[in-house]
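Everything on this sheet refers to the single structure shown next.
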Amino acid sequence: MKLGPGIRKLLRQPPRARAVERDVDAELAFHLETRVDLLVSRGLTRDAAEAQARREFGDLRAAREELAAIDRGRVGRERRADWREGLVQDIRFATRALARRPSFLAVTVLTLALGIGANAAIFSVVDATLLKPLPYADPDRLVSIWSEGAMMPGIFVQVRDGMRTADPIGGYSGGSAVSMTGASEPARLVQSEVTSRFFDVLGVRAAIGRTFLDGEDQPGRDRIAVLGNALWQQRFGSDPQIVGRSIVVDGVTRIVVGVMPAGFHFPSPKVDFWVPVSLDPSPANIGRYWGSSQLNVIGRLRPGIAVERAEQEAAVLVDRSRSSFPWRMSDEWGKGVRVIPLERKVVGDVGPMLLVLFGSVGVVLLIACVNVANLLLSRAAAREREMAIRASLGAGRARIVRQLLTESVILALLGGVVGLGVAAGGVRALLLLLPQGMPRVTEVGIDARVLVFTMLTALITGVLFGLAPALRASRPTLQAALGATRNAGGTLARRRLSESLVVAQIALGVVLVAGAGLLIKSFWRLHQVDVGFRADEVVAVDIPIPSFSSDTANRARAFFDAVLDDARAIPGVKSAAVASVLPFGGVGSMGSSFASEIEASPTPPGGSAPMLVRTVVSPDYFKTMGIPLVRGRALTAADREGAPPVALVDELTARRLWPNADAIGQRFRPVWMKPWITVVGVVGTVKRDSLSSTGEIAVYMPTTNLAGFWAPTQMSLVLRTTSPLSTLGPRIQSGVARIDRTVPVPQPRLVQTLVANSAARTRFTVVLLATFAGVALSLGAVGIYGVVAYAVARRTREIGVRMALGAKTTDVLGMVLREGGILAGAGVALGIIGALVGSRVLAGFLFGVTPNDPAVFVTVPLLLGLVALGACVIPARRASKVDPVVALRSE
Amino acid sequence: MPQTGDLALLQGTLDVLVLKALMFGARHGYAVASWIRDTSDETLNVEDRALYVALHRLEDRGWVESEWGLSENNRKAKYYELTTRGRAQLRAETTRWTTYAEAVFKVLRAPS
């Protein structure tokens, strides 16, 4: 019997009703139909019967929903239980299958462990530097405020007092070397000068005692210090009573007010302690307050303030402050005010380099995946019958794919676990290899985030290399697999797949090796650069100026004269000199540049004065460093206090400042000084701080001019000698100690090392990328070997037939090599295209090499081609040795 | 849940009745409803909806299993059957109910 329209309408199914709803509806329909039939048979009209049946039933619509809900819960539970059970089965099956082939297991797990581990290690660096938020309260509200690099104290004060969009605002210096004397051994330490609210901006409290209070950067209240945790532990034995004790820094006694917690390393891990910067506007301090002393400025944005608004406000404040300078600034000054998230400032420019490395190591993993996928594919060939039997026993395709994927994911997870070990070792190696001054290195390590990344990578890797082989393997033709021969069916398609995998692998290899090649060539070019001095056999050691309360310049000169006399007396020292700043000497150059006036070409009002970079040197400096004197005279001992002020310039400077005249006899002076300085000689141009720099306007002045406008805190002693550093160090130390035992002397270094260190970041990138390229190359070779060897093994019979029919050994050899050659050629061709595109991201790291350097782009494909062919030679020779009789019998 | 008939059904009572109805073999929902109605001489007038909800709940708890089959009138119908656990549950519930009912009787018939 049919139901009336009323009930039918109620039971009408929504489109695509689920099985559960359909079942409930069918069950209820049966009940109602049976009841209606019975009632009709008892003499009711159909309408009356339907009405009664529905009345007896109750709320039909509600019942439907209630029943469906109960069933859905049950069905879902059952399905999940089934799935779990299936998974447990799959895992059990997969482990058994893997355990049966221990060598396959070992090769794949190790390949993956290398790939995943290398990725995890690089990720730990990327994460610590680029991804993790800064370890301060509300780090996204922290900004760096700057104009032309850093701010003079005079401008800082106006910005600090005027900013409405950020509060608090603080300033800090990057860190300078100072001498700590007192009870224990004198030591050379790094201090950062900070304004009173510096710590408040970051929102960091002291671990012991306190940080600085508002106003403690004012003269008279600033004789205090906050210690870094490491310094407190090492020099003060973690003394819990440290607060209130006094320390002596560069002859100034300061009271310790606090100790920072262990993880605090701002602005850099090199900083040992912090002291208030003296914001002293008095006329005696005018050069520092308005010029040479520069502060990096940080601020905490008020909630809801955008970086752009803060930048606008800062720009207005800086522009307004121009009139408060004691001398006229150029019209361009203060135009480049920028406010950027502090994170970006901290990370600096290492981002692109790290991302290139991260990308490259990802490519290595991809290549490793391809190898494992190929191994799985050839394994699938052996298991074709197993799969066919499973399929014929009723296992659906999805079920088989899942089972195979379970296997590959287990492989990958094992790879991930072993990879964690690789990563731990890798991170340790990276920390040794990382160039100095990498931001946030102290935060690099294997933590929960790296752990999650590793296991996720492993999981994705497992699906990535497992999916294609699994899909392939789950689709064998039944008769091919169950029948005796193995030559038909899925084999051809599978071969195609593994061949295209190998092509992809070689292409990726070409991209990596080409990238590495470009960087290696840049690195080599950097080493070819003429630095302008002979760095070999020159030893340098930074010697601080002893602290004197008055008459510093004269006493400093006497001190260094004594140090030089002592140094010259060291056996094996050919010449000795001191200089305020060494080329490639790093931080010491702070404040050594000054705005100047050139007599021959006065700066027009509102124009920008030329900035000169000055090096104060003793007379023998040029001889010691091997810098040639081109014209005029060198400095002599007669250029002393009282003699007319003189200077040397380098050739580049001579050309730039006096393009149409002889530089000798020309005069210049710092903008705030009266006496003119006369150029008496021209020397060769030297690279100052990086091999790729084009050079600044450099002047050399005798130590006489020390008193004029600059008080150096240290001088570098340079010695030309072949004596080893190990004997020189103690000798110099004892010599200096005899002159003044409060002066700490660090270990001497080779100037050559300083030069090499300047290319440390390039070296780091080159070493890593070359390693990755090497791994990619060998994985690629193994990959193409595997595929060709498998092809040969599979065609043993065919080769036997050919040889029986008269083919020569060389023919067979040629045939196999040709096949390998086609794969290699396709891969190399694709790789060149990829490398041409990919090398553009390297443009910023290259020096003296274009991203599509012809030499690299010819050599690399040739190399890859040779390696690939080399990998084919072994299977080719095996093929050529096939014995026709044995081959024909083998099947 | 249980609705009022001539006699209000106590919570959980319906479950026992349904289990009992299935004691003699697999039955579809309509048969369970008819059996309860007829056996109780129509004293227990259970709403069909409540009965079905009870059946599905019992299945959800694993006390009964269902399977589609053909009915006497040759239609597709869903048959319910007791599981081993369902049988045990029925025994336990029967004992509990009998004890309870006897106790209540004892109290009601006690001489004052």
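Following the order of the structure tokens, chains are lettered A, B, ..., residues in each are numbered from 1, and ligands are numbered from 1.
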As a list in words, which residues of region 5-80 of chain B does DSSP assign to strand (DSSP E or B)?
Ala8, Arg27, His28, Val64, Glu65, Ser66, Glu67, Trp68, Gly69, Leu70, Lys76, Ala77, Lys78, Tyr79 and Tyr80 of chain B
Counting only C-alpha atoms, which residues from chain A have an atom at most 12 Å from any atom of chain B, and could you show them as a ChimeraX atom specification?
/A:1-2,20,23-38,52-78
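Take the candidates A:Ser282, A:Ser880, A:Ser716, A:Thr727 and check each one against Leu582 (chain A) using only C-alpha atoms; the shortest distance goes to A:Ser716.
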Distance CA of Phe772 (chain A)-CA of Leu512 (chain A), one decimal place?
7.5 Å
Taking only region 3-108 of chain B into account, list the residues labelled helix (DSSP H, G or I) by DSSP (computed from the backbone), as an NGL selection string.
:B and (13-21 or 29-39 or 48-61 or 84-108)
Within 10 Å of Pro610 (chain A) using only C-alpha atoms, minus same-chain residues under 2 positions, as a ChimeraX atom specification
/A:593-598,602-603,607-608,612-613,657,670-671,697
N, CA and C atoms of the current selection, written as a PDB file, in the first residue's frame:
ATOM      1  N   SER A 593      83.797  59.365  12.472  1.00  0.00           N
ATOM      2  CA  SER A 593      83.538  60.217  11.315  1.00  0.00           C
ATOM      3  C   SER A 593      83.025  61.573  11.792  1.00  0.00           C
ATOM      4  N   PHE A 594      83.358  62.598  11.054  1.00  0.00           N
ATOM      5  CA  PHE A 594      82.968  63.939  11.492  1.00  0.00           C
ATOM      6  C   PHE A 594      82.656  64.819  10.293  1.00  0.00           C
ATOM      7  N   ALA A 595      81.752  65.755  10.498  1.00  0.00           N
ATOM      8  CA  ALA A 595      81.415  66.708   9.442  1.00  0.00           C
ATOM      9  C   ALA A 595      82.552  67.716   9.326  1.00  0.00           C
ATOM     10  N   SER A 596      82.941  68.036   8.106  1.00  0.00           N
ATOM     11  CA  SER A 596      84.110  68.895   7.960  1.00  0.00           C
ATOM     12  C   SER A 596      83.880  69.989   6.918  1.00  0.00           C
ATOM     13  N   GLU A 597      84.833  70.895   6.916  1.00  0.00           N
ATOM     14  CA  GLU A 597      84.783  72.006   5.986  1.00  0.00           C
ATOM     15  C   GLU A 597      86.055  71.940   5.154  1.00  0.00           C
ATOM     16  N   ILE A 598      85.920  72.053   3.827  1.00  0.00           N
ATOM     17  CA  ILE A 598      87.088  72.005   2.946  1.00  0.00           C
ATOM     18  C   ILE A 598      87.383  73.431   2.504  1.00  0.00           C
ATOM     19  N   PRO A 602      84.079  75.511   0.017  1.00  0.00           N
ATOM     20  CA  PRO A 602      83.236  75.680   1.209  1.00  0.00           C
ATOM     21  C   PRO A 602      81.820  75.150   0.965  1.00  0.00           C
ATOM     22  N   THR A 603      81.256  74.587   2.013  1.00  0.00           N
ATOM     23  CA  THR A 603      79.894  74.080   1.931  1.00  0.00           C
ATOM     24  C   THR A 603      78.931  75.250   1.840  1.00  0.00           C
ATOM     25  N   GLY A 607      73.773  73.288   2.633  1.00  0.00           N
ATOM     26  CA  GLY A 607      74.292  72.093   1.961  1.00  0.00           C
ATOM     27  C   GLY A 607      74.837  71.142   2.999  1.00  0.00           C
ATOM     28  N   SER A 608      75.073  69.879   2.615  1.00  0.00           N
ATOM     29  CA  SER A 608      75.594  68.956   3.613  1.00  0.00           C
ATOM     30  C   SER A 608      77.113  68.932   3.567  1.00  0.00           C
ATOM     31  N   LEU A 612      84.107  63.060   6.933  1.00  0.00           N
ATOM     32  CA  LEU A 612      85.411  62.432   6.821  1.00  0.00           C
ATOM     33  C   LEU A 612      85.536  61.339   7.883  1.00  0.00           C
ATOM     34  N   VAL A 613      86.206  60.261   7.519  1.00  0.00           N
ATOM     35  CA  VAL A 613      86.474  59.209   8.487  1.00  0.00           C
ATOM     36  C   VAL A 613      87.945  59.313   8.871  1.00  0.00           C
ATOM     37  N   LEU A 657      87.941  64.922  -3.015  1.00  0.00           N
ATOM     38  CA  LEU A 657      87.840  66.252  -2.416  1.00  0.00           C
ATOM     39  C   LEU A 657      88.491  67.320  -3.280  1.00  0.00           C
ATOM     40  N   PRO A 670      87.336  70.180  11.074  1.00  0.00           N
ATOM     41  CA  PRO A 670      85.997  69.815  11.556  1.00  0.00           C
ATOM     42  C   PRO A 670      85.159  71.069  11.674  1.00  0.00           C
ATOM     43  N   VAL A 671      83.834  70.955  11.427  1.00  0.00           N
ATOM     44  CA  VAL A 671      82.990  72.157  11.350  1.00  0.00           C
ATOM     45  C   VAL A 671      83.036  73.005  12.609  1.00  0.00           C
ATOM     46  N   ILE A 697      85.586  58.624   2.635  1.00  0.00           N
ATOM     47  CA  ILE A 697      86.618  59.651   2.563  1.00  0.00           C
ATOM     48  C   ILE A 697      87.475  59.558   3.821  1.00  0.00           C
TER      49      ILE A 697
END
Quick one: everything within 12 Å of region 842-851 of chain A, counting only C-alpha atoms, minus sequence neighbours fewer than 5 positions away in the same chain. Send it as number ranges by chain.
A: 349-357, 359-360, 511-512, 514-529, 690-693, 759, 761-766, 769, 835-837, 856-857
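Among the candidates A:Ala284, A:Val226, A:Leu430, A:Val736, the residue lying nearest to Leu768 (chain A) is A:Leu430 (atoms considered: only C-alpha atoms).
Between CA of Asp222 (chain A) and CA of Val275 (chain A) there is a distance of 7.6 Å.
Between CA of Val538 (chain A) and CA of Phe559 (chain A) the interatomic distance comes to 21.8 Å.
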May I have the residues within 9 Å of Lys270 (chain A) as an NGL selection string, using only C-alpha atoms and disregarding those fewer than 6 positions away in the same chain?
:A and (175 or 189-191 or 437)
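With only C-alpha atoms as the basis for measurement, B:Ser66 is the residue among B:Thr39, B:Thr94, B:Ser66, B:Thr99 that approaches Glu81 (chain B) most closely.
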